[in-house]
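To keep things clear, I will list the structure first and then write my remarks on it.
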Amino acid sequence: MTTLRILGAAAWAEEVAAAFVDRLQSTPSLRVCLPTGATPIPAYDALAARIERGDASFAQATVILLDEWVGLPPGDPARCDTRLRAQLLDRLPVPPAAVHTIEVDARDLDAAAERHAACSHALDLVVLGLGMNGHVGFNEPGSFPDSPTRVVRLAASSRQAAMARY
């Protein structure tokens, strides 16, 4: 029988960080897909603290960014790659072996989606966030489970929540 545990934010973050460290210890060359947004920040804080203590390392790991905004220039503070670096990657004492971000060319969005899908194969771990409207990993309600990597128009509530910090 499965037992449901209700955890506060700090306890949840520690549980996620502990599980992540276990995966890094057992699979140092972990291929992990990571999101940005509000959901993972407490877990990234706890994970960075564990990595700084030497519990594990990203030195052999590959990080693949889950998604990216169309139309934001490189370095924009709202871009997902900029946020992931600030939320986690730049805090690591040793950077990951590889970081795959999403280069979005607004003139050829299908090609950008295909490139991202190609680097996102054979993942060992995917961390997803839950949006205010119930979306998981920016798959808005109504997305099909077998939907390919694609460009989607986010609901206004998702765009507002994502940009609330900027």
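All residue names refer to the structure tokens as shown: chains lettered A, B, ... in order, residues numbered from 1 in each chain, ligands numbered from 1 in order.
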
* To do: Excluding region 62-70 of chain A and residues on its chain fewer than 3 positions from it, collect all residues at most 8 Å away from it, counting only C-alpha atoms, and give them as a list in words.
  =>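 The contact residues come out as Ser29, Leu30, Arg31, Val32, Cys33, Leu34, Pro35, Thr36, Phe58, Arg79, Cys80, Asp81, Leu84, Pro96, Ala97, Ala98, Val99, His100, Thr101, Ile102, Val104, Asp105, Ala106, Cys119, Ser120, Gly137 and Phe138 of chain A.
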
* Asked: Could you name the residues that touch Arg50 (chain A) at 10 Å or less, counting only C-alpha atoms, but leaving out those on the same chain fewer than 3 positions away, as a list in words?
  -> Glu14, Ala17, Ala18, Phe20, Val21, Tyr44, Asp45, Ala46, Leu47, Arg53, Gly54, Asp55, Ala56, Ser57 and Leu92 of chain A

Go ahead and write the selection's residues with all heavy atoms as a compact mmCIF listing (two decimals), in the first residue's frame.
```
# COMPACT_ATOMS: atom_id res chain seq x y z
N GLU A 14 14.05 19.33 -0.04
CA GLU A 14 15.10 18.43 0.44
C GLU A 14 14.91 17.01 -0.12
O GLU A 14 15.88 16.34 -0.47
CB GLU A 14 15.14 18.41 1.96
CG GLU A 14 15.73 19.67 2.55
CD GLU A 14 17.17 19.96 2.13
OE1 GLU A 14 17.94 19.00 1.90
OE2 GLU A 14 17.51 21.14 2.02
N ALA A 17 15.97 17.14 -3.78
CA ALA A 17 17.43 17.25 -3.87
C ALA A 17 18.10 15.93 -3.50
O ALA A 17 19.07 15.51 -4.15
CB ALA A 17 17.93 18.38 -2.96
N ALA A 18 17.61 15.25 -2.46
CA ALA A 18 18.19 13.97 -2.05
C ALA A 18 18.03 12.93 -3.16
O ALA A 18 18.98 12.18 -3.46
CB ALA A 18 17.54 13.48 -0.76
N PHE A 20 17.68 13.54 -6.34
CA PHE A 20 18.53 13.97 -7.46
C PHE A 20 19.98 13.58 -7.20
O PHE A 20 20.67 13.05 -8.08
CB PHE A 20 18.40 15.48 -7.63
CG PHE A 20 18.73 15.99 -9.00
CD1 PHE A 20 17.81 16.73 -9.70
CD2 PHE A 20 19.97 15.76 -9.57
CE1 PHE A 20 18.11 17.23 -10.96
CE2 PHE A 20 20.29 16.25 -10.83
CZ PHE A 20 19.35 16.99 -11.51
N VAL A 21 20.47 13.83 -5.98
CA VAL A 21 21.84 13.47 -5.62
C VAL A 21 22.04 11.96 -5.74
O VAL A 21 23.06 11.50 -6.25
CB VAL A 21 22.18 13.99 -4.21
CG1 VAL A 21 23.42 13.31 -3.65
CG2 VAL A 21 22.38 15.50 -4.24
N TYR A 44 16.16 23.48 -6.45
CA TYR A 44 17.48 23.88 -6.96
C TYR A 44 18.33 24.45 -5.84
O TYR A 44 19.54 24.21 -5.79
CB TYR A 44 17.34 24.89 -8.10
CG TYR A 44 16.79 24.32 -9.39
CD1 TYR A 44 16.36 25.17 -10.40
CD2 TYR A 44 16.71 22.96 -9.62
CE1 TYR A 44 15.87 24.67 -11.59
CE2 TYR A 44 16.22 22.45 -10.81
CZ TYR A 44 15.80 23.32 -11.80
OH TYR A 44 15.31 22.82 -12.98
N ASP A 45 17.73 25.21 -4.94
CA ASP A 45 18.47 25.75 -3.79
C ASP A 45 19.04 24.61 -2.94
O ASP A 45 20.21 24.61 -2.57
CB ASP A 45 17.57 26.64 -2.92
CG ASP A 45 17.21 27.96 -3.59
OD1 ASP A 45 17.86 28.35 -4.58
OD2 ASP A 45 16.24 28.59 -3.10
N ALA A 46 18.19 23.63 -2.63
CA ALA A 46 18.63 22.50 -1.81
C ALA A 46 19.67 21.65 -2.56
O ALA A 46 20.64 21.18 -1.96
CB ALA A 46 17.42 21.65 -1.42
N LEU A 47 19.47 21.47 -3.86
CA LEU A 47 20.42 20.70 -4.66
C LEU A 47 21.78 21.39 -4.73
O LEU A 47 22.82 20.75 -4.53
CB LEU A 47 19.85 20.48 -6.06
CG LEU A 47 20.74 19.71 -7.04
CD1 LEU A 47 21.07 18.32 -6.51
CD2 LEU A 47 20.06 19.64 -8.40
N ARG A 53 28.38 20.95 -0.87
CA ARG A 53 28.92 20.15 0.24
C ARG A 53 29.72 18.95 -0.26
O ARG A 53 30.36 18.25 0.53
CB ARG A 53 27.78 19.62 1.12
CG ARG A 53 27.22 20.60 2.08
CD ARG A 53 26.41 19.93 3.17
NE ARG A 53 25.49 18.91 2.73
CZ ARG A 53 24.15 19.05 2.65
NH1 ARG A 53 23.59 20.19 2.97
NH2 ARG A 53 23.40 18.05 2.26
N GLY A 54 29.63 18.66 -1.54
CA GLY A 54 30.36 17.53 -2.10
C GLY A 54 29.58 16.23 -2.13
O GLY A 54 30.17 15.16 -2.33
N ASP A 55 28.26 16.28 -1.96
CA ASP A 55 27.46 15.06 -1.97
C ASP A 55 27.43 14.39 -3.33
O ASP A 55 27.23 13.18 -3.44
CB ASP A 55 26.01 15.37 -1.54
CG ASP A 55 25.91 15.80 -0.08
OD1 ASP A 55 26.92 15.75 0.64
OD2 ASP A 55 24.80 16.20 0.33
N ALA A 56 27.60 15.17 -4.39
CA ALA A 56 27.60 14.65 -5.76
C ALA A 56 28.18 15.74 -6.65
O ALA A 56 28.53 16.83 -6.17
CB ALA A 56 26.20 14.27 -6.21
N SER A 57 28.29 15.45 -7.95
CA SER A 57 28.85 16.41 -8.89
C SER A 57 28.10 16.33 -10.22
O SER A 57 27.63 15.25 -10.61
CB SER A 57 30.32 16.11 -9.13
OG SER A 57 30.83 16.93 -10.16
N LEU A 92 26.95 25.91 -9.23
CA LEU A 92 27.65 24.64 -9.05
C LEU A 92 29.16 24.86 -9.03
O LEU A 92 29.69 25.62 -9.86
CB LEU A 92 27.29 23.68 -10.19
CG LEU A 92 25.81 23.35 -10.33
CD1 LEU A 92 25.58 22.49 -11.58
CD2 LEU A 92 25.28 22.66 -9.09
```

* Mind the document's chain letters and residue numbers, and return as an NGL selection string the residues of chain A that DSSP labels helix (DSSP H, G or I). => :A and (9-26 or 41-52 or 80-87 or 89-91 or 109-119 or 156-163)

* Interatomic distance between CA of Glu52 (chain A) and CA of Ala78 (chain A)? ->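 These two atoms are separated by 25.9 Å.
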
* Take CA of Pro28 (chain A) and CA of Leu125 (chain A) and report the distance between them in Å, one decimal. =>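 Distance between the two atoms: 12.2 Å.
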
* Asked: Quick one, how far is CA of Ser143 (chain A) from CA of Arg23 (chain A)?
  ->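 Going from CA of Ser143 (chain A) over to CA of Arg23 (chain A) covers 29.1 Å.
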